[in-house]
file upload.csv (CSV, C-alpha atoms)
chain,number,residue,atom,x,y,z
A,1,MET,CA,36.6,15.5,-17.9
A,2,VAL,CA,33.0,15.1,-17.0
A,3,LEU,CA,31.5,17.8,-14.9
A,4,ASP,CA,28.7,17.2,-12.5
A,5,SER,CA,25.6,19.4,-12.7
A,6,GLN,CA,26.6,21.7,-9.8
A,7,GLU,CA,30.1,22.4,-11.1
A,8,LEU,CA,28.6,23.1,-14.6
A,9,LEU,CA,26.2,25.6,-13.1
A,10,ARG,CA,29.0,27.3,-11.3
A,11,ARG,CA,31.1,27.6,-14.4
A,12,LEU,CA,28.2,29.0,-16.3
A,13,GLY,CA,27.7,31.7,-13.7
A,14,TYR,CA,24.3,30.5,-12.4
A,15,GLU,CA,23.3,30.8,-8.7
A,16,PHE,CA,21.6,27.9,-7.2
A,17,HIS,CA,20.6,26.1,-4.0
A,18,VAL,CA,20.9,22.4,-3.4
A,19,LEU,CA,18.2,20.7,-1.3
A,20,VAL,CA,19.1,17.2,-0.1
A,21,GLU,CA,16.5,14.8,1.3
A,22,PRO,CA,18.4,12.1,3.1
A,23,PRO,CA,17.8,8.4,2.4
A,24,SER,CA,15.2,6.6,4.6
A,25,GLU,CA,14.8,3.0,5.4
A,26,PRO,CA,12.7,1.3,8.1
A,27,GLU,CA,14.6,-0.1,11.0
A,28,GLN,CA,15.4,-3.8,10.7
A,29,ALA,CA,14.5,-6.5,13.2
A,30,GLU,CA,16.8,-9.3,14.3
A,31,VAL,CA,14.7,-12.0,12.8
A,32,THR,CA,14.6,-13.4,9.2
A,33,PHE,CA,11.6,-14.4,7.1
A,34,SER,CA,12.8,-17.9,7.3
A,35,GLU,CA,12.4,-17.9,11.0
A,36,VAL,CA,9.0,-16.2,10.9
A,37,LEU,CA,7.6,-18.5,8.2
A,38,GLY,CA,9.2,-21.6,9.6
A,39,VAL,CA,10.6,-22.4,6.1
A,40,SER,CA,14.2,-23.1,5.4
A,41,SER,CA,14.2,-23.4,1.6
A,42,ALA,CA,12.1,-22.4,-1.3
A,43,VAL,CA,12.2,-21.4,-5.0
A,44,GLY,CA,11.6,-18.2,-6.9
A,45,ARG,CA,11.1,-14.9,-5.1
A,46,LEU,CA,10.4,-16.6,-1.8
A,47,ALA,CA,13.9,-18.1,-1.8
A,48,MET,CA,15.4,-14.6,-2.0
A,49,LEU,CA,13.1,-13.4,0.8
A,50,LEU,CA,13.9,-16.1,3.3
A,51,GLY,CA,17.3,-14.8,4.3
A,52,GLU,CA,16.3,-11.2,4.6
A,53,ARG,CA,15.6,-9.6,8.0
A,54,LEU,CA,12.2,-8.2,8.6
A,55,TYR,CA,11.7,-4.5,8.9
A,56,MET,CA,10.5,-3.6,12.4
A,57,PRO,CA,7.0,-2.4,11.2
A,58,GLN,CA,6.6,-5.8,9.5
A,59,LEU,CA,7.4,-7.6,12.7
A,60,GLN,CA,5.2,-5.3,14.7
A,61,ALA,CA,2.3,-5.7,12.3
A,62,ILE,CA,2.5,-9.5,12.5
A,63,GLY,CA,2.4,-9.2,16.3
A,64,VAL,CA,-0.8,-7.1,16.1
A,65,LEU,CA,-2.5,-9.7,13.9
A,66,GLU,CA,-1.2,-12.6,16.0
A,67,ALA,CA,-2.8,-11.0,19.0
A,68,GLY,CA,-6.1,-11.2,17.2
A,69,ARG,CA,-6.5,-7.5,16.6
A,70,ASN,CA,-7.3,-5.5,13.5
A,71,LEU,CA,-4.4,-3.7,11.9
A,72,VAL,CA,-3.8,-0.3,10.3
A,73,LEU,CA,-0.3,-0.3,8.8
A,74,VAL,CA,1.0,3.0,7.6
A,75,SER,CA,4.3,2.6,5.9
A,76,GLY,CA,5.9,3.8,2.7
A,77,THR,CA,6.1,2.1,-0.7
A,78,GLY,CA,8.8,-0.7,-0.6
A,79,SER,CA,8.5,-1.3,3.1
A,80,GLY,CA,7.0,-4.8,2.7
A,81,LYS,CA,3.4,-4.3,3.8
A,82,THR,CA,2.3,-7.3,1.7
A,83,GLU,CA,4.8,-9.6,3.2
A,84,ALA,CA,3.6,-8.7,6.7
A,85,TRP,CA,0.0,-9.9,6.3
A,86,PHE,CA,1.1,-12.8,4.1
A,87,ALA,CA,3.5,-14.1,6.8
A,88,TYR,CA,0.6,-14.0,9.3
A,89,ALA,CA,-1.9,-15.7,7.0
A,90,LEU,CA,0.6,-18.4,6.2
A,91,ARG,CA,1.6,-19.1,9.8
A,92,ASN,CA,-2.0,-19.3,10.9
A,93,ARG,CA,-3.6,-20.6,7.7
A,94,ARG,CA,-6.0,-17.7,7.6
A,95,LYS,CA,-8.4,-17.7,4.6
A,96,THR,CA,-7.8,-14.2,3.1
A,97,LEU,CA,-9.7,-11.9,0.8
A,98,VAL,CA,-7.4,-9.1,-0.6
A,99,LEU,CA,-8.7,-5.9,-2.2
A,100,TYR,CA,-6.5,-3.9,-4.6
A,101,PRO,CA,-7.8,-0.7,-6.0
A,102,THR,CA,-6.9,-1.4,-9.7
A,103,LEU,CA,-6.4,-4.3,-12.0
A,104,ALA,CA,-2.8,-3.3,-12.6
A,105,LEU,CA,-2.0,-3.4,-8.9
A,106,ALA,CA,-3.9,-6.7,-8.5
A,107,HIS,CA,-1.9,-8.2,-11.4
A,108,ASP,CA,1.4,-7.0,-10.0
A,109,GLN,CA,0.7,-8.3,-6.5
A,110,LEU,CA,-0.8,-11.5,-7.7
A,111,SER,CA,2.4,-12.4,-9.4
A,112,ARG,CA,4.3,-12.0,-6.2
A,113,LEU,CA,1.8,-13.8,-4.0
A,114,SER,CA,1.6,-16.7,-6.4
A,115,ASP,CA,5.3,-17.0,-6.5
A,116,TYR,CA,5.4,-17.1,-2.7
A,117,SER,CA,2.5,-19.5,-2.4
A,118,ASN,CA,3.8,-22.0,-4.9
A,119,SER,CA,6.6,-22.9,-2.6
A,120,LEU,CA,4.3,-23.3,0.4
A,121,GLY,CA,1.4,-25.3,-0.9
A,122,MET,CA,-0.9,-22.4,-0.7
A,123,LYS,CA,-3.5,-21.6,-3.4
A,124,VAL,CA,-4.0,-18.0,-4.7
A,125,THR,CA,-6.9,-17.1,-7.0
A,126,ARG,CA,-7.8,-13.8,-8.6
A,127,ILE,CA,-11.5,-13.0,-9.4
A,128,ASP,CA,-12.7,-9.8,-11.2
A,129,SER,CA,-14.9,-9.1,-14.2
A,130,GLU,CA,-12.0,-9.8,-16.6
A,131,GLU,CA,-11.1,-13.1,-15.0
A,132,ARG,CA,-14.8,-14.1,-14.7
A,133,ALA,CA,-15.2,-13.5,-18.5
A,134,ARG,CA,-12.1,-15.6,-19.2
A,135,LEU,CA,-13.4,-18.5,-17.0
A,136,ALA,CA,-16.8,-18.4,-18.8
A,137,ARG,CA,-15.1,-18.6,-22.2
A,138,GLU,CA,-13.2,-21.6,-21.0
A,139,GLY,CA,-16.5,-23.3,-20.0
A,140,PHE,CA,-16.4,-22.9,-16.3
A,141,LYS,CA,-19.8,-23.1,-14.7
A,142,ILE,CA,-20.8,-20.9,-11.8
A,143,SER,CA,-20.6,-23.8,-9.4
A,144,GLN,CA,-17.1,-24.6,-10.6
A,145,VAL,CA,-15.9,-21.0,-10.1
A,146,LYS,CA,-17.4,-21.0,-6.6
A,147,ALA,CA,-15.6,-24.1,-5.7
A,148,LEU,CA,-12.3,-22.7,-7.1
A,149,LEU,CA,-12.7,-19.6,-4.9
A,150,SER,CA,-13.8,-21.4,-1.7
A,151,SER,CA,-10.9,-23.8,-2.0
A,152,SER,CA,-8.3,-21.0,-2.3
A,153,ASP,CA,-6.3,-19.8,0.6
A,154,ILE,CA,-6.0,-16.3,-0.8
A,155,VAL,CA,-8.6,-14.6,-3.1
A,156,VAL,CA,-7.6,-11.4,-4.8
A,157,THR,CA,-10.2,-9.0,-6.2
A,158,ASN,CA,-11.1,-5.3,-6.4
A,159,PRO,CA,-13.8,-3.2,-4.7
A,160,ALA,CA,-15.8,-2.8,-7.9
A,161,PHE,CA,-16.2,-6.5,-8.4
A,162,LEU,CA,-16.8,-7.1,-4.6
A,163,LEU,CA,-19.5,-4.5,-4.6
A,164,MET,CA,-21.4,-6.1,-7.5
A,165,ASP,CA,-21.0,-9.5,-6.0
A,166,LEU,CA,-22.4,-8.3,-2.6
A,167,LYS,CA,-25.4,-6.9,-4.5
A,168,ARG,CA,-25.9,-10.3,-6.1
A,169,TYR,CA,-25.6,-11.9,-2.8
A,170,ALA,CA,-28.3,-9.6,-1.3
A,171,VAL,CA,-30.7,-10.3,-4.1
A,172,LYS,CA,-30.0,-13.9,-4.9
A,173,PRO,CA,-27.2,-15.6,-2.9
A,174,SER,CA,-26.8,-18.4,-5.4
A,175,SER,CA,-25.8,-15.9,-8.1
A,176,SER,CA,-22.9,-14.6,-6.1
A,177,LEU,CA,-19.5,-16.1,-7.0
A,178,LEU,CA,-18.2,-15.4,-3.5
A,179,SER,CA,-21.2,-16.8,-1.7
A,180,SER,CA,-19.3,-19.9,-0.6
A,181,THR,CA,-16.2,-18.0,0.2
A,182,LEU,CA,-17.3,-15.1,2.3
A,183,PRO,CA,-18.6,-17.2,5.3
A,184,LEU,CA,-15.2,-18.9,5.4
A,185,LEU,CA,-13.1,-15.7,5.6
A,186,ASP,CA,-10.7,-15.1,8.4
A,187,LEU,CA,-8.9,-12.1,7.2
A,188,LEU,CA,-9.8,-9.1,4.9
A,189,VAL,CA,-6.8,-7.1,3.6
A,190,VAL,CA,-7.5,-3.6,2.1
A,191,ASP,CA,-4.3,-2.5,0.4
A,192,GLU,CA,-3.4,1.0,-0.9
A,193,LEU,CA,-6.1,2.9,1.0
A,194,ASP,CA,-4.4,6.2,0.1
A,195,PHE,CA,-5.3,5.5,-3.6
A,196,TYR,CA,-9.0,6.0,-3.0
A,197,SER,CA,-11.1,9.1,-3.2
A,198,PRO,CA,-13.3,10.1,-0.2
A,199,ARG,CA,-16.3,8.5,-1.9
A,200,GLY,CA,-14.3,5.3,-2.6
A,201,ILE,CA,-13.3,5.1,1.0
A,202,SER,CA,-16.9,5.5,2.1
A,203,LEU,CA,-17.9,2.5,-0.1
A,204,LEU,CA,-15.0,0.5,1.2
A,205,LEU,CA,-16.0,1.1,4.8
A,206,ALA,CA,-19.6,0.2,4.0
A,207,MET,CA,-18.5,-3.1,2.4
A,208,ILE,CA,-16.3,-3.9,5.4
A,209,ARG,CA,-19.4,-3.5,7.6
A,210,VAL,CA,-21.3,-5.9,5.3
A,211,LEU,CA,-18.5,-8.5,5.3
A,212,ALA,CA,-18.2,-8.3,9.1
A,213,GLU,CA,-21.9,-9.1,9.4
A,214,LEU,CA,-21.6,-12.0,7.0
A,215,LYS,CA,-18.6,-13.4,8.9
A,216,ARG,CA,-18.7,-12.7,12.6
A,217,GLY,CA,-15.2,-12.1,14.1
A,218,LEU,CA,-13.7,-11.1,10.7
A,219,GLN,CA,-10.2,-9.7,11.1
A,220,VAL,CA,-9.2,-6.7,9.0
A,221,ALA,CA,-5.9,-5.3,7.9
A,222,VAL,CA,-5.7,-1.9,6.2
A,223,LEU,CA,-2.5,-1.0,4.5
A,224,THR,CA,-1.5,2.4,3.2
A,225,ALA,CA,1.5,4.6,2.5
A,226,ALA,CA,-0.1,7.6,4.1
A,227,LEU,CA,-3.1,8.2,6.3
A,228,ALA,CA,-4.0,11.4,8.3
A,229,ASN,CA,-6.5,9.7,10.6
A,230,PRO,CA,-5.5,6.1,11.4
A,231,GLU,CA,-7.2,6.4,14.8
A,232,GLU,CA,-10.6,7.0,13.2
A,233,VAL,CA,-10.1,4.0,10.8
A,234,CYS,CA,-9.1,1.8,13.8
A,235,GLU,CA,-12.2,2.9,15.8
A,236,TYR,CA,-14.4,2.1,12.8
A,237,LEU,CA,-12.9,-1.4,12.5
A,238,ARG,CA,-13.3,-1.9,16.2
A,239,GLU,CA,-16.9,-1.0,16.0
A,240,VAL,CA,-17.9,-3.2,13.0
A,241,THR,CA,-15.8,-6.3,13.9
A,242,GLY,CA,-15.8,-6.3,17.7
A,243,ARG,CA,-12.0,-6.7,17.6
A,244,GLU,CA,-9.4,-4.3,19.1
A,245,CYS,CA,-7.2,-2.5,16.6
A,246,GLY,CA,-3.5,-1.7,16.5
A,247,ILE,CA,-1.7,1.1,14.5
A,248,ILE,CA,1.8,0.5,13.2
A,249,THR,CA,3.7,3.2,11.4
A,250,GLY,CA,7.1,3.0,9.6
A,251,LYS,CA,9.5,5.1,7.6
A,252,PRO,CA,9.3,4.9,3.9
A,253,PHE,CA,12.0,3.1,1.9
A,254,ARG,CA,13.6,6.0,0.0
A,255,ARG,CA,16.9,6.7,-1.7
A,256,GLU,CA,18.7,10.1,-1.2
A,257,ASN,CA,16.8,12.7,-3.2
A,258,ARG,CA,18.5,15.9,-4.5
A,259,VAL,CA,16.8,19.0,-5.8
A,260,ILE,CA,18.8,21.8,-7.4
A,261,LEU,CA,16.9,25.1,-7.4
A,262,VAL,CA,18.5,27.3,-10.2
A,263,LEU,CA,17.9,31.0,-9.5
A,264,GLY,CA,19.6,32.5,-12.6
A,265,LYS,CA,22.7,34.5,-13.4
A,266,ASN,CA,23.7,37.4,-11.1
A,267,LEU,CA,20.4,37.3,-9.2
A,268,SER,CA,22.0,38.4,-5.9
A,269,GLU,CA,23.6,41.4,-7.6
A,270,LEU,CA,20.3,42.4,-9.2
A,271,TRP,CA,18.6,42.0,-5.8
A,272,ARG,CA,21.1,44.3,-4.1
A,273,GLU,CA,20.7,46.8,-6.9
A,274,CYS,CA,16.9,46.8,-6.5
A,275,ARG,CA,17.2,47.2,-2.7
A,276,SER,CA,19.4,50.3,-3.1
A,277,TYR,CA,16.3,52.1,-4.4
A,278,LYS,CA,14.2,51.2,-1.4
A,279,LYS,CA,14.3,54.5,0.4
A,280,LEU,CA,13.7,56.4,-2.9
A,281,LEU,CA,10.5,54.3,-3.5
A,282,GLU,CA,9.3,54.7,0.0
A,283,SER,CA,9.7,58.5,-0.1
A,284,GLY,CA,7.7,58.5,-3.4
A,285,GLY,CA,4.8,56.8,-1.6
A,286,ALA,CA,5.2,53.3,-3.0
A,287,GLY,CA,3.4,50.6,-1.1
A,288,ARG,CA,4.9,47.6,0.6
A,289,ASP,CA,3.8,45.4,-2.3
A,290,VAL,CA,6.2,47.3,-4.6
call {"tool": "encode", "arguments": {"input": "upload.csv", "output": "structure tokens"}}
result
Amino acid sequence: MVLDSQELLRRLGYEFHVLVEPPSEPEQAEVTFSEVLGVSSAVGRLAMLLGERLYMPQLQAIGVLEAGRNLVLVSGTGSGKTEAWFAYALRNRRKTLVLYPTLALAHDQLSRLSDYSNSLGMKVTRIDSEERARLAREGFKISQVKALLSSSDIVVTNPAFLLMDLKRYAVKPSSSLLSSTLPLLDLLVVDELDFYSPRGISLLLAMIRVLAELKRGLQVAVLTAALANPEEVCEYLREVTGRECGIITGKPFRRENRVILVLGKNLSELWRECRSYKKLLESGGAGRDV
């Protein structure tokens, strides 16, 4: 017979408390990705996605973007934030620049975006210092890299590379790899905002302002699992882009989580024994800390 952990603790004489965090999942909408994307068949990951119903925050986020507003989407990991802006970009053929905080996240998301895009005739390209070096080794000229990026529907990069490229653009536009892409942008997506330090967020906001000056009317979507001040971020986006801004929040996708707090053996008996000396200690002048 196999004993579960709680029964085993009981038999061993331990006292414990069980804390249960219930499962959580965003509410689902009565519409599928196939209906939203206008696509009935596909291959790869997109084929599996088409029959699924959207989570309500996804549908609401698409609605905010469709209305021409900026978006701050606050929703937990696994709630499909990427699919929300991707569906909007596909439906409206919006040229999109996506910022991920690390190379690892960029690689992971690029695989998913490329899989979706291959079925839909969209072109996704990554550009960062590592990819730039690879292209140079393969003999790509600056003009060819620029053409590759400007012809892509979705360009994936990170803030460090974007900052360096914006500096090049300010000094000598022809040396910037994104110089032909930035004026064409429709949508800027900033993912995983909660990953950044306060200094990192300040740099991000400054770059958003520069990008909004380079492309008037730029639309911005900020995605994050947690954010204490979404109203302030929305107000900033409204100020720099001239667009209204919508905030969408959603529950995280989370399985039931159980925590067992083991107190020890006979702890209650020891506590009662200690309390029996309370009056004796008080009469001896012991303080409340004792």
call {"tool": "residues_near_point", "arguments": {"input": "upload.csv", "point": "(7.1, -10.1, 6.3)", "cutoff": "9 Å", "atoms": "only C-alpha atoms", "output": "list in words"}}
result
Thr32, Phe33, Val36, Leu37, Leu49, Arg53, Leu54, Tyr55, Gln58, Leu59, Ala61, Ile62, Gly80, Lys81, Thr82, Glu83, Ala84, Trp85, Phe86, Ala87 and Tyr88 of chain A
call {"tool": "atom_distance", "arguments": {"input": "upload.csv", "atom1": "CA of Met56 in chain A", "atom2": "CA of Leu113 in chain A"}}
result
21.2 Å
call {"tool": "closest_atom_pairs", "arguments": {"input": "upload.csv", "of": "range 19-95 of chain A", "to": "range 175-184 of chain A", "cutoff": "12 Å", "atoms": "all atoms listed in the file", "output": "CSV"}}
result
residue,atom,partner,partner_atom,distance
A:Arg93,CA,A:Leu184,CA,11.9
A:Arg94,CA,A:Leu184,CA,9.5
A:Lys95,CA,A:Leu184,CA,7.0
call {"tool": "residues_around", "arguments": {"input": "upload.csv", "residues": "Ala221 in chain A", "least_positions_apart": "3", "cutoff": "10 Å", "atoms": "only C-alpha atoms", "output": "PyMOL selection string"}}
result
chain A and resi 61+64-65+69-73+85+98+187-191+234+237+245-246
call {"tool": "write_last_selection", "arguments": {"input": "upload.csv", "atoms": "C-alpha atoms", "output": "PDB file, keeping the file's coordinate frame"}}
result
ATOM      1  CA  ALA A  61       2.300  -5.700  12.300  1.00  0.00           C
ATOM      2  CA  VAL A  64      -0.800  -7.100  16.100  1.00  0.00           C
ATOM      3  CA  LEU A  65      -2.500  -9.700  13.900  1.00  0.00           C
ATOM      4  CA  ARG A  69      -6.500  -7.500  16.600  1.00  0.00           C
ATOM      5  CA  ASN A  70      -7.300  -5.500  13.500  1.00  0.00           C
ATOM      6  CA  LEU A  71      -4.400  -3.700  11.900  1.00  0.00           C
ATOM      7  CA  VAL A  72      -3.800  -0.300  10.300  1.00  0.00           C
ATOM      8  CA  LEU A  73      -0.300  -0.300   8.800  1.00  0.00           C
ATOM      9  CA  TRP A  85       0.000  -9.900   6.300  1.00  0.00           C
ATOM     10  CA  VAL A  98      -7.400  -9.100  -0.600  1.00  0.00           C
ATOM     11  CA  LEU A 187      -8.900 -12.100   7.200  1.00  0.00           C
ATOM     12  CA  LEU A 188      -9.800  -9.100   4.900  1.00  0.00           C
ATOM     13  CA  VAL A 189      -6.800  -7.100   3.600  1.00  0.00           C
ATOM     14  CA  VAL A 190      -7.500  -3.600   2.100  1.00  0.00           C
ATOM     15  CA  ASP A 191      -4.300  -2.500   0.400  1.00  0.00           C
ATOM     16  CA  CYS A 234      -9.100   1.800  13.800  1.00  0.00           C
ATOM     17  CA  LEU A 237     -12.900  -1.400  12.500  1.00  0.00           C
ATOM     18  CA  CYS A 245      -7.200  -2.500  16.600  1.00  0.00           C
ATOM     19  CA  GLY A 246      -3.500  -1.700  16.500  1.00  0.00           C
TER      20      GLY A 246
END
call {"tool": "closest_residue", "arguments": {"input": "upload.csv", "among": "A:Glu30, A:Pro57, A:Ile142, A:Leu204", "to": "Ser174 in chain A", "atoms": "only C-alpha atoms"}}
result
A:Ile142
call {"tool": "residues_around", "arguments": {"input": "upload.csv", "residues": "Glu239 in chain A", "least_positions_apart": "4", "cutoff": "12 Å", "atoms": "only C-alpha atoms", "output": "ChimeraX atom specification"}}
result
/A:70,205,208-209,212-213,217-218,220,232-235,243-245
call {"tool": "residues_around", "arguments": {"input": "upload.csv", "residues": "His107 in chain A", "least_positions_apart": "5", "cutoff": "12 Å", "atoms": "all atoms listed in the file", "output": "PyMOL selection string"}}
result
chain A and resi 99-102+112-114+125-128+130-131+156-158
call {"tool": "atom_distance", "arguments": {"input": "upload.csv", "atom1": "CA of Leu166 in chain A", "atom2": "CA of Val210 in chain A"}}
result
8.3 Å
call {"tool": "residues_around", "arguments": {"input": "upload.csv", "residues": "Ala42 in chain A", "least_positions_apart": "3", "cutoff": "10 Å", "atoms": "all atoms listed in the file", "output": "MDAnalysis selection string"}}
result
chainID A and resid 34 39 45:50 116 118:120
call {"tool": "atom_distance", "arguments": {"input": "upload.csv", "atom1": "CA of Val262 in chain A", "atom2": "CA of Glu15 in chain A"}}
result
6.1 Å
call {"tool": "closest_residue", "arguments": {"input": "upload.csv", "among": "A:Arg238, A:Ile248, A:Gly38, A:Gly76", "to": "Gly51 in chain A", "atoms": "all atoms listed in the file"}}
result
A:Gly38
call {"tool": "closest_residue", "arguments": {"input": "upload.csv", "among": "A:Val43, A:Ala104, A:Leu193, A:Leu90", "to": "Glu66 in chain A", "atoms": "only C-alpha atoms"}}
result
A:Leu90
call {"tool": "closest_residue", "arguments": {"input": "upload.csv", "among": "A:Glu192, A:Glu27, A:Asp115, A:Asp153", "to": "Asn92 in chain A", "atoms": "all atoms listed in the file"}}
result
A:Asp153
